[in-house]
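What follows is the content of my_file_27.csv (CSV, C-alpha atoms).
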```csv
chain,number,residue,atom,x,y,z
A,1,MET,CA,-28.6,-36.1,-22.2
A,2,GLN,CA,-25.0,-37.2,-21.6
A,3,ALA,CA,-25.2,-38.2,-17.9
A,4,ALA,CA,-25.9,-41.8,-17.0
A,5,ILE,CA,-28.1,-41.9,-13.8
A,6,ILE,CA,-28.6,-44.9,-11.6
A,7,GLU,CA,-30.7,-45.1,-8.4
A,8,MET,CA,-30.2,-47.6,-5.6
A,9,ASP,CA,-32.4,-47.9,-2.5
A,10,ASN,CA,-31.1,-48.3,1.1
A,11,ASP,CA,-31.2,-52.1,0.7
A,12,GLN,CA,-28.8,-51.7,-2.2
A,13,LEU,CA,-31.5,-52.8,-4.7
A,14,LEU,CA,-31.5,-51.2,-8.1
A,15,VAL,CA,-34.7,-49.1,-8.4
A,16,ALA,CA,-34.1,-47.0,-11.6
A,17,TYR,CA,-31.8,-46.0,-14.4
A,18,ASN,CA,-32.0,-43.9,-17.5
A,19,HIS,CA,-31.3,-44.8,-21.2
A,20,VAL,CA,-27.7,-43.5,-21.1
A,21,ALA,CA,-26.9,-45.9,-18.3
A,22,ARG,CA,-28.6,-48.7,-20.2
A,23,ALA,CA,-26.3,-48.1,-23.2
A,24,LEU,CA,-23.2,-47.8,-21.0
A,25,PHE,CA,-23.5,-51.1,-19.1
A,26,ALA,CA,-24.1,-54.7,-19.9
A,27,GLN,CA,-27.7,-55.9,-19.6
A,28,ASN,CA,-27.0,-58.2,-16.7
A,29,ASP,CA,-25.4,-55.3,-14.8
A,30,LEU,CA,-28.6,-53.4,-14.5
A,31,VAL,CA,-31.5,-55.6,-13.2
A,32,LEU,CA,-34.3,-53.7,-11.5
A,33,ASN,CA,-35.3,-54.7,-7.9
A,34,GLN,CA,-32.1,-56.9,-7.7
A,35,PRO,CA,-29.0,-56.3,-5.6
A,36,PHE,CA,-26.8,-53.7,-7.3
A,37,ASN,CA,-23.1,-54.4,-6.8
A,38,TYR,CA,-21.9,-51.0,-7.7
A,39,LYS,CA,-18.3,-51.6,-6.8
A,40,LYS,CA,-18.1,-54.4,-9.4
A,41,VAL,CA,-20.2,-52.5,-12.0
A,42,PHE,CA,-18.1,-49.4,-11.7
A,43,ASN,CA,-14.7,-51.3,-11.6
A,44,LEU,CA,-13.8,-49.9,-8.2
A,45,ASP,CA,-10.7,-51.4,-6.8
A,46,ASN,CA,-9.7,-51.5,-3.1
A,47,THR,CA,-7.8,-48.2,-3.4
A,48,ILE,CA,-11.0,-46.3,-4.2
A,49,ASN,CA,-13.4,-45.7,-1.3
A,50,ILE,CA,-16.5,-44.1,-2.8
A,51,ASP,CA,-18.3,-44.3,0.5
A,52,GLY,CA,-16.1,-41.7,1.9
A,53,GLN,CA,-16.3,-39.1,-0.9
A,54,ASP,CA,-18.9,-37.5,-3.2
A,55,ASP,CA,-17.1,-38.0,-6.5
A,56,THR,CA,-14.2,-39.8,-8.1
A,57,ILE,CA,-12.7,-40.6,-11.5
A,58,ILE,CA,-13.2,-44.2,-12.9
A,59,VAL,CA,-12.5,-45.9,-16.2
A,60,LEU,CA,-15.3,-47.4,-18.2
A,61,ASN,CA,-15.1,-48.7,-21.7
A,62,SER,CA,-11.5,-47.3,-22.0
A,63,GLN,CA,-12.6,-43.7,-21.1
A,64,HIS,CA,-12.3,-41.7,-18.0
A,65,VAL,CA,-15.7,-41.0,-16.3
A,66,LEU,CA,-16.6,-38.7,-13.4
A,67,LEU,CA,-18.6,-40.7,-10.9
A,68,GLN,CA,-20.7,-38.6,-8.5
A,69,LYS,CA,-22.7,-40.0,-5.6
A,70,VAL,CA,-25.8,-38.2,-4.2
A,71,MET,CA,-27.1,-39.5,-0.9
A,72,GLU,CA,-30.8,-39.0,-0.1
A,73,SER,CA,-32.9,-40.3,2.8
A,74,SER,CA,-34.3,-43.3,0.9
A,75,LYS,CA,-31.9,-43.9,-1.9
A,76,THR,CA,-28.5,-43.3,-3.4
A,77,ILE,CA,-28.1,-41.7,-6.9
A,78,PHE,CA,-25.1,-42.3,-9.1
A,79,ILE,CA,-24.3,-39.9,-11.9
A,80,LEU,CA,-21.7,-40.7,-14.5
A,81,GLN,CA,-20.4,-38.3,-17.1
A,82,PRO,CA,-17.5,-38.8,-19.6
A,83,ILE,CA,-14.6,-36.4,-18.8
A,84,GLU,CA,-14.1,-35.6,-22.4
A,85,TYR,CA,-17.7,-34.5,-22.7
A,86,LEU,CA,-17.3,-32.3,-19.6
A,87,LYS,CA,-14.2,-30.7,-21.0
A,88,LYS,CA,-15.9,-29.8,-24.3
A,89,ARG,CA,-18.9,-28.4,-22.4
A,90,LEU,CA,-16.6,-26.3,-20.1
A,91,SER,CA,-14.6,-25.0,-23.1
A,92,LYS,CA,-17.8,-23.4,-24.4
A,93,ILE,CA,-18.5,-21.6,-21.2
A,94,LYS,CA,-16.8,-18.2,-20.9
A,95,VAL,CA,-14.8,-17.6,-17.7
A,96,VAL,CA,-16.8,-15.3,-15.4
A,97,GLY,CA,-14.9,-12.0,-15.4
A,98,SER,CA,-15.0,-11.6,-11.7
A,99,GLN,CA,-13.3,-15.0,-11.2
A,100,ALA,CA,-10.6,-14.4,-13.8
A,101,PHE,CA,-7.8,-14.0,-11.2
A,102,ASP,CA,-8.9,-16.9,-9.0
A,103,ILE,CA,-6.5,-19.2,-10.9
A,104,PHE,CA,-3.6,-17.6,-9.1
A,105,ALA,CA,-2.2,-18.7,-5.8
A,106,SER,CA,-2.1,-15.5,-3.7
A,107,GLN,CA,-1.3,-16.3,-0.1
A,108,SER,CA,1.8,-14.0,-0.4
A,109,LEU,CA,1.3,-10.3,0.2
A,110,VAL,CA,3.3,-9.5,-3.0
A,111,MET,CA,0.8,-11.5,-5.1
A,112,GLN,CA,-2.2,-10.0,-3.3
A,113,LYS,CA,-0.9,-6.5,-4.1
A,114,LEU,CA,-0.2,-7.5,-7.8
A,115,ILE,CA,-3.7,-8.9,-8.3
A,116,ALA,CA,-5.3,-5.8,-6.8
A,117,GLN,CA,-3.2,-3.7,-9.2
A,118,ALA,CA,-4.0,-5.9,-12.1
A,119,LYS,CA,-7.7,-5.7,-11.5
A,120,ALA,CA,-7.5,-1.9,-11.5
A,121,PHE,CA,-5.4,-1.8,-14.7
A,122,SER,CA,-7.6,-4.3,-16.5
A,123,MET,CA,-10.5,-1.9,-16.7
A,124,GLN,CA,-8.4,0.7,-18.6
A,125,ARG,CA,-8.0,1.2,-22.4
A,126,GLU,CA,-4.3,2.1,-22.3
A,127,PRO,CA,-1.6,-0.5,-23.3
A,128,LEU,CA,-0.6,-2.9,-20.5
A,129,LEU,CA,3.1,-3.9,-20.0
A,130,ILE,CA,3.7,-7.1,-18.0
A,131,SER,CA,7.3,-7.9,-17.0
A,132,GLY,CA,8.7,-10.8,-15.1
A,133,GLU,CA,11.3,-13.6,-15.2
A,134,THR,CA,10.9,-16.7,-17.4
A,135,GLY,CA,8.3,-19.0,-16.0
A,136,THR,CA,6.4,-16.6,-13.8
A,137,GLY,CA,3.2,-16.8,-15.8
A,138,LYS,CA,3.1,-13.6,-17.8
A,139,ASP,CA,0.8,-15.1,-20.4
A,140,LEU,CA,-1.7,-16.3,-17.7
A,141,LEU,CA,-1.7,-12.8,-16.1
A,142,ALA,CA,-2.4,-11.2,-19.5
A,143,ASN,CA,-5.3,-13.5,-20.2
A,144,ALA,CA,-6.8,-12.9,-16.7
A,145,CYS,CA,-6.5,-9.1,-17.3
A,146,HIS,CA,-8.4,-9.6,-20.6
A,147,GLN,CA,-11.1,-11.8,-19.0
A,148,TYR,CA,-11.6,-9.4,-16.2
A,149,SER,CA,-12.0,-6.4,-18.5
A,150,SER,CA,-15.0,-5.2,-20.4
A,151,ARG,CA,-13.5,-7.0,-23.4
A,152,GLY,CA,-13.6,-10.3,-21.7
A,153,ASP,CA,-16.3,-11.7,-24.0
A,154,GLN,CA,-14.3,-10.8,-27.1
A,155,ALA,CA,-11.2,-12.4,-28.7
A,156,PHE,CA,-7.8,-12.8,-27.0
A,157,LEU,CA,-5.0,-13.6,-29.3
A,158,ALA,CA,-1.3,-13.9,-28.5
A,159,LEU,CA,1.8,-13.7,-30.7
A,160,ASN,CA,5.4,-14.6,-29.6
A,161,CYS,CA,7.6,-12.0,-31.2
A,162,ALA,CA,10.9,-13.7,-30.2
A,163,ALA,CA,13.2,-14.6,-33.1
A,164,MET,CA,10.5,-14.1,-35.7
A,165,PRO,CA,11.4,-12.4,-39.0
A,166,ASP,CA,9.8,-9.0,-39.7
A,167,GLU,CA,7.7,-10.2,-42.6
A,168,VAL,CA,6.2,-13.0,-40.4
A,169,VAL,CA,5.4,-10.6,-37.5
A,170,GLU,CA,4.0,-8.0,-39.9
A,171,SER,CA,1.8,-10.5,-41.7
A,172,GLU,CA,0.6,-12.1,-38.5
A,173,LEU,CA,-0.3,-8.8,-36.8
A,174,TYR,CA,-1.6,-6.7,-39.7
A,175,GLY,CA,-2.6,-9.3,-42.3
A,176,HIS,CA,-1.9,-9.1,-46.0
A,177,ALA,CA,-3.7,-8.4,-49.3
A,178,ALA,CA,-4.0,-10.9,-52.1
A,179,GLY,CA,-0.8,-11.1,-54.0
A,180,ALA,CA,1.3,-9.5,-51.3
A,181,TYR,CA,3.6,-12.5,-51.2
A,182,PRO,CA,4.4,-15.2,-53.7
A,183,GLY,CA,1.7,-17.8,-53.4
A,184,ALA,CA,-0.6,-15.5,-51.4
A,185,ILE,CA,-3.7,-16.0,-53.6
A,186,GLU,CA,-6.1,-14.7,-51.1
A,187,GLY,CA,-6.0,-11.9,-48.5
A,188,LYS,CA,-5.6,-12.6,-44.8
A,189,LYS,CA,-6.8,-10.8,-41.7
A,190,GLY,CA,-4.1,-10.2,-39.1
A,191,PHE,CA,-4.4,-10.6,-35.3
A,192,PHE,CA,-5.5,-7.0,-34.9
A,193,GLU,CA,-8.5,-7.4,-37.2
A,194,GLN,CA,-9.3,-10.8,-35.8
A,195,ALA,CA,-9.3,-9.5,-32.3
A,196,ASN,CA,-11.2,-6.3,-33.0
A,197,GLY,CA,-13.0,-5.4,-29.8
A,198,GLY,CA,-10.7,-7.7,-27.8
A,199,SER,CA,-7.0,-7.9,-26.8
A,200,VAL,CA,-3.8,-8.9,-28.4
A,201,LEU,CA,-0.8,-10.1,-26.3
A,202,LEU,CA,2.7,-9.4,-27.8
A,203,ASP,CA,5.0,-11.7,-25.9
A,204,GLY,CA,8.7,-11.1,-26.1
A,205,ILE,CA,8.2,-7.4,-27.2
A,206,ASP,CA,11.8,-6.8,-26.3
A,207,GLU,CA,12.9,-8.8,-29.4
A,208,MET,CA,10.7,-6.9,-31.9
A,209,SER,CA,12.8,-5.1,-34.5
A,210,PHE,CA,13.0,-1.3,-34.7
A,211,GLN,CA,11.0,-1.4,-38.0
A,212,MET,CA,8.2,-3.3,-36.3
A,213,GLN,CA,8.4,-1.1,-33.2
A,214,THR,CA,7.8,2.0,-35.4
A,215,LYS,CA,4.8,0.5,-37.1
A,216,LEU,CA,3.4,-0.7,-33.7
A,217,LEU,CA,3.8,2.8,-32.2
A,218,ARG,CA,1.7,4.3,-34.9
A,219,PHE,CA,-1.0,1.7,-34.5
A,220,ILE,CA,-1.1,2.2,-30.8
A,221,ASN,CA,-1.4,6.0,-31.2
A,222,ASP,CA,-4.4,6.0,-33.6
A,223,GLY,CA,-5.7,2.5,-34.2
A,224,TYR,CA,-5.1,2.6,-38.0
A,225,PHE,CA,-2.9,0.3,-40.1
A,226,ARG,CA,-2.5,-1.1,-43.6
A,227,ARG,CA,-2.4,-4.7,-44.5
A,228,VAL,CA,0.8,-5.8,-46.2
A,229,GLY,CA,0.5,-5.0,-49.9
A,230,ASP,CA,-2.7,-2.9,-49.5
A,231,ASP,CA,-3.2,0.9,-49.8
A,232,ASP,CA,-6.4,1.1,-47.7
A,233,GLU,CA,-6.2,1.9,-44.1
A,234,VAL,CA,-8.1,-0.2,-41.5
A,235,TYR,CA,-9.3,0.9,-38.1
A,236,VAL,CA,-9.7,-1.5,-35.2
A,237,ASP,CA,-10.3,-1.2,-31.4
A,238,VAL,CA,-7.8,-3.5,-29.8
A,239,ARG,CA,-6.1,-3.3,-26.4
A,240,ILE,CA,-2.4,-4.1,-26.6
A,241,ILE,CA,-0.8,-6.1,-23.8
A,242,CYS,CA,3.0,-6.6,-24.0
A,243,ALA,CA,5.1,-9.1,-22.1
A,244,THR,CA,8.8,-9.1,-21.5
A,245,LYS,CA,11.4,-10.9,-19.4
A,246,VAL,CA,13.9,-8.1,-19.5
A,247,ASP,CA,14.0,-4.5,-18.3
A,248,LEU,CA,12.9,-2.4,-21.3
A,249,ALA,CA,14.4,0.7,-19.7
A,250,ASP,CA,17.8,-0.9,-19.9
A,251,LEU,CA,17.3,-1.7,-23.6
A,252,VAL,CA,16.3,1.9,-24.2
A,253,GLU,CA,19.5,3.2,-22.6
A,254,GLN,CA,21.5,0.7,-24.7
A,255,GLY,CA,19.7,2.0,-27.9
A,256,LYS,CA,18.0,-1.4,-28.5
A,257,PHE,CA,14.4,-0.3,-27.9
A,258,ARG,CA,12.6,2.8,-29.1
A,259,LYS,CA,12.3,5.3,-26.3
A,260,ASP,CA,9.0,6.7,-27.5
A,261,LEU,CA,7.4,3.3,-27.8
A,262,TYR,CA,8.7,2.4,-24.3
A,263,TYR,CA,7.0,5.4,-22.7
A,264,ARG,CA,3.8,4.7,-24.7
A,265,LEU,CA,3.8,1.1,-23.5
A,266,ASN,CA,4.8,1.8,-19.9
A,267,VAL,CA,1.6,3.7,-19.0
A,268,LEU,CA,0.3,0.8,-16.9
A,269,SER,CA,2.9,-1.8,-15.9
A,270,LEU,CA,2.7,-5.0,-13.8
A,271,ASN,CA,5.8,-6.9,-12.6
A,272,LEU,CA,5.3,-10.6,-11.8
A,273,PRO,CA,7.4,-11.6,-8.8
A,274,SER,CA,9.7,-14.5,-9.0
A,275,LEU,CA,8.8,-17.7,-7.0
A,276,GLN,CA,11.8,-16.8,-4.8
A,277,GLN,CA,9.9,-13.6,-3.8
A,278,ARG,CA,6.5,-15.4,-3.2
A,279,LYS,CA,7.5,-18.5,-1.3
A,280,ASP,CA,4.3,-18.3,0.8
A,281,ASP,CA,2.5,-19.4,-2.4
A,282,ILE,CA,4.5,-22.6,-2.9
A,283,GLN,CA,2.2,-24.8,-0.8
A,284,SER,CA,-0.9,-23.7,-2.7
A,285,LEU,CA,0.9,-24.0,-6.1
A,286,THR,CA,2.0,-27.5,-5.2
A,287,HIS,CA,-1.5,-28.7,-4.4
A,288,ILE,CA,-2.8,-27.0,-7.5
A,289,PHE,CA,-0.4,-28.8,-9.8
A,290,VAL,CA,-0.8,-32.1,-8.0
A,291,ASN,CA,-4.6,-31.9,-8.4
A,292,GLU,CA,-4.3,-30.8,-12.0
A,293,TYR,CA,-2.1,-33.7,-12.9
A,294,ALA,CA,-4.4,-36.2,-11.1
A,295,ASN,CA,-7.4,-34.8,-12.9
A,296,LYS,CA,-5.7,-35.1,-16.3
A,297,GLN,CA,-4.7,-38.7,-15.5
A,298,GLY,CA,-8.0,-39.6,-14.0
A,299,ILE,CA,-6.5,-40.7,-10.7
A,300,ILE,CA,-6.9,-39.8,-7.0
A,301,PRO,CA,-4.4,-37.1,-6.0
A,302,PRO,CA,-1.6,-38.4,-3.7
A,303,THR,CA,-1.1,-37.1,-0.2
A,304,ILE,CA,1.7,-34.6,0.0
A,305,ASP,CA,4.3,-34.9,2.9
A,306,ASP,CA,4.9,-31.6,4.8
A,307,ASN,CA,8.6,-32.2,4.2
A,308,VAL,CA,8.0,-31.8,0.4
A,309,ILE,CA,6.8,-28.2,1.0
A,310,ASP,CA,9.7,-27.5,3.4
A,311,ASN,CA,12.1,-28.7,0.8
A,312,PHE,CA,10.5,-26.7,-2.0
A,313,THR,CA,10.6,-23.5,0.2
A,314,ARG,CA,14.3,-23.8,0.7
A,315,TYR,CA,15.0,-24.1,-3.0
A,316,SER,CA,15.8,-21.0,-5.1
A,317,TRP,CA,13.6,-21.9,-8.2
A,318,PRO,CA,15.5,-20.2,-11.0
A,319,GLY,CA,12.8,-21.4,-13.4
A,320,ASN,CA,10.0,-20.1,-11.2
A,321,VAL,CA,6.5,-21.5,-11.3
A,322,ARG,CA,7.0,-23.3,-14.6
A,323,GLN,CA,9.9,-25.2,-13.1
A,324,LEU,CA,7.9,-26.1,-10.0
A,325,LYS,CA,5.1,-27.5,-12.2
A,326,ASN,CA,7.5,-29.5,-14.4
A,327,ILE,CA,9.3,-31.0,-11.4
A,328,LEU,CA,6.0,-32.1,-9.8
A,329,TYR,CA,4.7,-33.6,-13.1
A,330,SER,CA,8.0,-35.5,-13.5
A,331,ALA,CA,7.7,-36.9,-9.9
A,332,LEU,CA,4.0,-37.8,-10.3
A,333,ALA,CA,4.5,-39.6,-13.5
A,334,GLN,CA,6.9,-42.0,-11.7
A,335,LEU,CA,5.0,-42.2,-8.5
A,336,THR,CA,3.9,-45.7,-7.4
A,337,SER,CA,2.5,-45.0,-4.0
A,338,PRO,CA,-0.5,-42.8,-2.8
A,339,ARG,CA,2.0,-40.5,-1.0
A,340,LEU,CA,4.4,-37.9,-2.4
A,341,THR,CA,7.6,-37.6,-0.4
A,342,VAL,CA,10.9,-35.8,-0.6
A,343,LYS,CA,12.5,-39.0,-2.0
A,344,ASP,CA,10.2,-38.7,-5.0
A,345,ILE,CA,11.4,-35.2,-5.9
A,346,VAL,CA,14.5,-34.5,-7.9
A,347,LEU,CA,15.7,-30.8,-7.6
A,348,PRO,CA,18.5,-29.7,-10.0
A,349,THR,CA,21.8,-29.1,-8.3
A,350,PRO,CA,22.9,-25.5,-8.7
A,351,ILE,CA,26.0,-25.1,-10.9
A,352,THR,CA,28.0,-22.7,-8.8
A,353,SER,CA,30.6,-22.1,-11.5
A,354,GLN,CA,28.0,-20.4,-13.8
A,355,LEU,CA,26.7,-17.2,-12.2
A,356,SER,CA,24.2,-15.2,-14.1
A,357,TRP,CA,25.6,-11.8,-12.9
A,358,VAL,CA,28.6,-12.2,-15.3
A,359,ASN,CA,26.3,-11.7,-18.3
A,360,ASN,CA,24.3,-8.9,-16.7
A,361,ILE,CA,26.7,-6.2,-15.7
A,362,GLU,CA,26.4,-3.7,-18.6
A,363,ASN,CA,25.7,-0.1,-17.6
A,364,LYS,CA,26.0,-0.9,-13.9
A,365,THR,CA,28.2,0.7,-11.2
A,366,LEU,CA,30.7,-1.2,-9.2
A,367,ASP,CA,28.4,-1.0,-6.2
A,368,GLU,CA,25.5,-2.5,-8.2
A,369,ILE,CA,27.7,-5.2,-9.6
A,370,THR,CA,29.0,-6.1,-6.1
A,371,LYS,CA,25.5,-6.3,-4.6
A,372,GLN,CA,24.4,-8.4,-7.6
A,373,PHE,CA,27.3,-10.8,-7.1
A,374,GLU,CA,26.6,-10.9,-3.3
A,375,LYS,CA,23.0,-11.7,-3.8
A,376,GLU,CA,23.8,-14.5,-6.3
A,377,ILE,CA,26.2,-16.1,-3.8
A,378,LEU,CA,23.8,-15.9,-0.9
A,379,LEU,CA,21.0,-17.4,-3.0
A,380,LYS,CA,23.1,-20.4,-4.0
A,381,LEU,CA,24.5,-21.1,-0.5
A,382,TYR,CA,21.1,-20.7,1.2
A,383,ASP,CA,19.9,-24.0,-0.4
A,384,GLN,CA,22.7,-25.8,1.5
A,385,TYR,CA,22.6,-23.6,4.7
A,386,PRO,CA,18.9,-22.7,5.0
A,387,SER,CA,19.2,-20.4,8.1
A,388,SER,CA,21.0,-17.2,8.8
A,389,ARG,CA,23.0,-18.8,11.6
A,390,LYS,CA,24.2,-21.7,9.4
A,391,LEU,CA,25.0,-19.4,6.6
A,392,ALA,CA,26.8,-16.9,8.8
A,393,LYS,CA,29.0,-19.7,10.2
A,394,ARG,CA,29.7,-20.9,6.6
A,395,LEU,CA,30.8,-17.5,5.5
A,396,GLY,CA,32.6,-16.5,8.7
A,397,VAL,CA,30.6,-13.4,9.4
A,398,SER,CA,28.2,-12.4,12.1
A,399,HIS,CA,24.7,-13.8,12.3
A,400,THR,CA,23.3,-10.2,12.4
A,401,ALA,CA,25.1,-9.2,9.2
A,402,ILE,CA,23.8,-12.2,7.3
A,403,ALA,CA,20.3,-11.8,8.6
A,404,ASN,CA,20.2,-8.2,7.4
A,405,LYS,CA,21.5,-9.1,4.0
A,406,LEU,CA,19.0,-12.0,3.6
A,407,ARG,CA,16.2,-9.5,4.5
A,408,ASP,CA,17.5,-6.8,2.1
A,409,TYR,CA,17.7,-9.3,-0.8
A,410,GLY,CA,14.4,-11.0,0.0
A,411,ILE,CA,16.0,-14.4,0.5
A,412,GLY,CA,14.5,-17.1,2.7
A,413,ARG,CA,11.2,-17.3,4.5
```
Show me, as structure tokens, the structure contained in the file I just sent.
Amino acid sequence: MQAAIIEMDNDQLLVAYNHVARALFAQNDLVLNQPFNYKKVFNLDNTINIDGQDDTIIVLNSQHVLLQKVMESSKTIFILQPIEYLKKRLSKIKVVGSQAFDIFASQSLVMQKLIAQAKAFSMQREPLLISGETGTGKDLLANACHQYSSRGDQAFLALNCAAMPDEVVESELYGHAAGAYPGAIEGKKGFFEQANGGSVLLDGIDEMSFQMQTKLLRFINDGYFRRVGDDDEVYVDVRIICATKVDLADLVEQGKFRKDLYYRLNVLSLNLPSLQQRKDDIQSLTHIFVNEYANKQGIIPPTIDDNVIDNFTRYSWPGNVRQLKNILYSALAQLTSPRLTVKDIVLPTPITSQLSWVNNIENKTLDEITKQFEKEILLKLYDQYPSSRKLAKRLGVSHTAIANKLRDYGIGR
């Protein structure tokens, strides 16, 4: 039993404790039928008010411990469990499939629609294609889809295909026979064999070479493949999930991605919205990341000023959810007060001379390029002029015209 249990009566006398508690504290800390100074024994300083909460994180013997308090009519029970022990126990418990998508903030309508769609697609056998900008959480969505599916109790493996040589990708996915490479004394099972019955995520599928695309297409079609250096075919039942940050249809038009593979992968597709498109989720995400950081550090989460959320909502978030998390972690690591304010947050200043549209105009009409440039300008100026009236005045156009453009481009609240 890993939990230390201590009981104190209403007169604050120690009435019972178990052997784990006996080993955890000094002998003179636990004396039956004597006053129990729990604040001193648990190293509670003036910033921790255990009387007003059911649990908190404390430090005992150089380790973080979860301290829980259970109030009964005649006594108070303290339960203490090492955080590391709890983490190891939780890592052995499979995520309940029905709760797989609960990790996502979904106050915004666009995320609610996405999750409903993802739940439906999760139950299918066909390949799943997940697209979205960098930092939107494509890997988390892929894992949630796996957990929610009937394969949720089987293996989920992920391979980042970006900038990997063909021989590495081939060996990782399909495995190799003994002697296939110099120094390969023993054979090796690839991801597809290891995940038989489960799912494999191919992240950065857009950067996979034509040769590997051809081999992947054949595997998706019939489930058979050969290990590198082996003549025998292997059959496995694996669901393929692919993730990309670019539009594969554009790559197909440019001749950089196989058309037949694209149509085979694009049977069930999910597009993760940017943080700019789901600003209603910023408040929930902020609280999630603040609490996550506090739990990791074993501290009480700071109070968050409303102005922080307002400031975040006005920002464009080019790095999406990952950028929000990193900025919060940086601020919390330097925080010295129990309150997080705007002064504690450092948001990058947009570099107006470097516009992303310049590198993304291939195969687009003049009208499409113009709209792309217009949207980029409005996004950058909206941080400084966060209302349609202010922005209209800055650009010298009517308020109605700007309001319509902000709505068309999904900018602002």
(message) So the first atom is atom CA of A:Leu32 and the second is atom CA of A:Leu13; what is the distance between them in Å, to one decimal place?
(response)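 If I compute the distance from atom CA of A:Leu32 to atom CA of A:Leu13, I get 7.4 Å.
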(request) Find, counting only C-alpha atoms, the residue in A:Tyr409, A:Tyr382, A:Phe78, A:Phe42 that gets nearest to A:Ala4. (result) A:Phe78
Could you list, with a cut-off of 8 Å and counting all atoms listed in the file, the residues of stretch 25-138 of chain A near stretch 237-259 of chain A, each shown with its nearest atom pair and the distance in Å rounded to one decimal, rows sorted by chain and ascending number, as CSV?
```
residue,atom,partner,partner_atom,distance
A:Arg125,CA,A:Arg239,CA,6.3
A:Glu126,CA,A:Arg239,CA,7.0
A:Pro127,CA,A:Ile240,CA,4.9
A:Leu128,CA,A:Ile241,CA,4.6
A:Leu129,CA,A:Cys242,CA,4.8
A:Ile130,CA,A:Ala243,CA,4.8
A:Ser131,CA,A:Thr244,CA,4.9
A:Gly132,CA,A:Lys245,CA,5.1
A:Glu133,CA,A:Lys245,CA,5.0
A:Thr134,CA,A:Lys245,CA,6.2
A:Lys138,CA,A:Ala243,CA,6.5
```
(request) Have a look at A:Leu285, A:Ile115, A:Glu233, A:Leu406 and name the one nearest to A:Gln323; count only C-alpha atoms. (result)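 Answer, going by the shortest atom-to-atom distance: A:Leu285.
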(message) Between atom CA of A:Arg151 and atom CA of A:Asp232, what is the distance in Å, rounded to a tenth?
(response) 26.6 Å
(message) What's the separation between atom CA of A:His287 and atom CA of A:Gly152, in Å to one decimal place?
(response)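 We find that atom CA of A:His287 and atom CA of A:Gly152 lie 28.0 Å from each other.
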(request) Would you mind telling me which residue in A:Ala155, A:Leu217, A:Leu268, A:Met111 lies nearest to A:Gly198 when using all atoms listed in the file? (result)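 Among the listed residues, A:Ala155 lies closest to A:Gly198.
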(request) Give the answer as one residue: which of A:Gly190, A:Pro318, A:Pro273, A:Gly223 has the shortest atom-to-atom distance to A:Leu379, using only C-alpha atoms? (result) A:Pro318
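Residue nearest A:Asn271, chosen from A:Ile5, A:Ala142, A:Val70, A:Val20 and counting all atoms listed in the file: A:Ala142.
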(message) Taking (-1.0, -15.5, -18.7) in the coordinates of the supplied file, I want to know which residues reach to within 12 Å of it, counting only C-alpha atoms; could you give the answer as a PyMOL selection string?
(response) chain A and resi 100-101+103-104+130-132+135-147+156-158+201-203+241-243+272+322
(message) Please determine, counting all atoms listed in the file, which residue among A:Leu24, A:Leu80, A:Val228, A:Leu395 has the shortest atom-to-atom distance to A:Ala177.
(response) A:Val228
Around the point (28.6, -13.8, 5.7), in the coordinates given by the file, pick out the residues reaching within 12 Å, counting only C-alpha atoms, and return them as a short mmCIF file (atom, residue, chain, number, x, y, z; two decimals) with C-alpha atoms, in the coordinates of the input.
```cif
data_model
loop_
_atom_site.label_atom_id
_atom_site.label_comp_id
_atom_site.auth_asym_id
_atom_site.auth_seq_id
_atom_site.Cartn_x
_atom_site.Cartn_y
_atom_site.Cartn_z
CA GLU A 374 26.60 -10.90 -3.30
CA LYS A 375 23.00 -11.70 -3.80
CA ILE A 377 26.20 -16.10 -3.80
CA LEU A 378 23.80 -15.90 -0.90
CA LEU A 381 24.50 -21.10 -0.50
CA TYR A 382 21.10 -20.70 1.20
CA TYR A 385 22.60 -23.60 4.70
CA SER A 387 19.20 -20.40 8.10
CA SER A 388 21.00 -17.20 8.80
CA ARG A 389 23.00 -18.80 11.60
CA LYS A 390 24.20 -21.70 9.40
CA LEU A 391 25.00 -19.40 6.60
CA ALA A 392 26.80 -16.90 8.80
CA LYS A 393 29.00 -19.70 10.20
CA ARG A 394 29.70 -20.90 6.60
CA LEU A 395 30.80 -17.50 5.50
CA GLY A 396 32.60 -16.50 8.70
CA VAL A 397 30.60 -13.40 9.40
CA SER A 398 28.20 -12.40 12.10
CA HIS A 399 24.70 -13.80 12.30
CA THR A 400 23.30 -10.20 12.40
CA ALA A 401 25.10 -9.20 9.20
CA ILE A 402 23.80 -12.20 7.30
CA ALA A 403 20.30 -11.80 8.60
CA ASN A 404 20.20 -8.20 7.40
CA LYS A 405 21.50 -9.10 4.00
CA LEU A 406 19.00 -12.00 3.60
#
```
(request) Determine, counting only C-alpha atoms, which protein, DNA and RNA residues have an atom within 12 Å of an atom of A:Gly179; residues of the same chain fewer than 6 positions away are not included. Present the result as JSON, numbers by chain. (result) {"A": [185, 186, 187, 188, 227, 228, 229, 230]}
(request) Mind checking which residues fall within 10 Å of A:Tyr38, counting only C-alpha atoms, ignoring those fewer than 5 positions away in the same chain, and posting them as a ChimeraX atom specification? (result) /A:6,8,12,14,29-30,43-44,78
(request) Please identify all polymer residues within 12 Å of A:Tyr315, counting all atoms listed in the file, omitting same-chain residues fewer than 4 positions from it, and present them as a ChimeraX atom specification. (result) /A:275-277,279,282,308-311,319-320,323-324,346-350,379-386,411-413
